[in-house]
Amino acid sequence: MNARLDHRSPLVFDTRELGRRPGALKRLSRTVEAPRDLGNEVIGVPEGAPIELDLRLESVMDGVLVTGTGRATVKGECVRCLEPLERELDADFQELFAYPEADARTRPAESGEDAEDEEDTLFIEDDLFDLEPVLRDTVVLALPLQPVCQDDCPGLCSDCGVRLADDPDHHHDAVDIRWAALQGLAGTNQDGEKDNMGGAEAGVDEKQEK
């Protein structure tokens, strides 16, 4: 079961007005501040940023079915050119928050698999449920793993790091490494020939002086 919930938390909701009669409905909207680490390594919702929640609470036999949408502005950086970016995100979710007594009544004899299922089950405690785990999972799964500022972002120059979108004609004169060694050898030969020519000219001058 969940740890004891704090009704003052903005992501904790009270179901007492909904009641437990199957089929009862309640709709509500709330703007909350984003919790910490709501995202992945490169993009996410900044801590404290507003998240708009539109929720539909429905009482069912075993608990409360919560269907909703969270809207927020996510910020990060392009994985190609490292420029900052931001975009609007709509994250849809649906989760059943179970009554503890309903779970105990319908659960068969415990086994290894049953214990794992119970760990994944979200419960209502004292008529309260915490939406943060659902919101966190939904937002993180909706975020791109490789966000880009634009689909055709060319990234950075691998030689000097300049942003190629700012300079489409940017390029470097590349020398084929297969010819670089030959060019060096040719330069050495030319220097040797010059030295030899210089020695020959000096010898001619000496003979003329004699």
# chains A, B, ... in the order shown; residues from 1 in each chain; ligands from 1

call {"tool": "residues_around", "arguments": {"residues": "Phe129 of chain A", "least_positions_apart": "6", "cutoff": "8 Å", "atoms": "only C-alpha atoms", "output": "CSV table (one decimal) with N, CA and C atoms, in the first residue's frame"}}
result
chain,number,residue,atom,x,y,z
A,5,LEU,N,-0.7,9.5,2.9
A,5,LEU,CA,-0.7,10.6,1.9
A,5,LEU,C,-1.0,11.9,2.7
A,12,VAL,N,-2.3,15.2,-4.7
A,12,VAL,CA,-3.1,14.3,-3.9
A,12,VAL,C,-4.6,14.7,-4.0
A,13,PHE,N,-5.5,13.8,-4.4
A,13,PHE,CA,-6.9,14.1,-4.6
A,13,PHE,C,-7.8,13.4,-3.7
A,14,ASP,N,-8.9,14.0,-3.3
A,14,ASP,CA,-9.9,13.5,-2.4
A,14,ASP,C,-11.0,12.9,-3.1
A,15,THR,N,-11.4,11.7,-2.8
A,15,THR,CA,-12.5,11.0,-3.5
A,15,THR,C,-13.8,11.0,-2.7
A,97,PHE,N,-7.2,3.3,-9.3
A,97,PHE,CA,-6.7,3.4,-7.9
A,97,PHE,C,-7.7,2.5,-7.1
A,123,PHE,N,-3.2,2.4,-4.8
A,123,PHE,CA,-4.3,2.3,-3.8
A,123,PHE,C,-4.8,3.6,-3.4

call {"tool": "closest_residue", "arguments": {"among": "A:Val60, A:Pro144, A:Arg21, A:Ser9", "to": "Val74 of chain A", "atoms": "only C-alpha atoms"}}
result
A:Pro144

call {"tool": "residues_around", "arguments": {"residues": "segment 45-54 of chain A", "least_positions_apart": "5", "cutoff": "8 Å", "atoms": "only C-alpha atoms", "output": "compact mmCIF listing (two decimals) with C-alpha atoms, in the first residue's frame"}}
result
# COMPACT_ATOMS: atom_id res chain seq x y z
CA ARG A 27 -14.68 16.09 -13.37
CA LEU A 28 -12.14 18.56 -12.13
CA SER A 29 -9.30 20.77 -13.34
CA ARG A 30 -6.25 21.83 -11.42
CA THR A 31 -2.97 23.59 -12.15
CA VAL A 32 -0.05 22.20 -10.16
CA GLU A 33 3.68 22.80 -9.96
CA ALA A 34 5.90 20.19 -11.57
CA PRO A 35 7.80 17.97 -9.14
CA ARG A 36 11.55 17.44 -9.37
CA ASP A 37 13.16 15.33 -12.13
CA LEU A 38 10.07 15.19 -14.32
CA GLY A 39 11.88 14.17 -17.51
CA GLY A 68 -7.01 12.63 -17.63
CA THR A 69 -4.59 14.84 -19.52
CA GLY A 70 -1.60 16.78 -18.29
CA ARG A 71 -0.40 19.80 -20.30
CA ALA A 72 2.97 21.42 -19.75
CA THR A 73 5.87 23.14 -21.48
CA VAL A 74 8.95 20.95 -21.67
CA LYS A 75 12.45 22.34 -22.09

call {"tool": "atom_distance", "arguments": {"atom1": "atom CA of Met61 of chain A", "atom2": "atom CA of Arg8 of chain A"}}
result
27.1 Å

call {"tool": "residues_around", "arguments": {"residues": "Leu143 of chain A", "least_positions_apart": "4", "cutoff": "12 Å", "atoms": "only C-alpha atoms", "output": "list in words"}}
result
Leu38, Gly39, Asn40, Glu41, Val42, Ile43, Gly44, Val45, Ala72, Thr73, Val74, Lys75, Gly76, Glu86, Arg87, Glu88, Leu89, Asp90, Ala91, Arg136, Asp137, Thr138, Val139, Pro147 and Val148 of chain A

call {"tool": "atom_distance", "arguments": {"atom1": "atom CA of Leu11 of chain A", "atom2": "atom CA of Gln146 of chain A"}}
result
28.7 Å
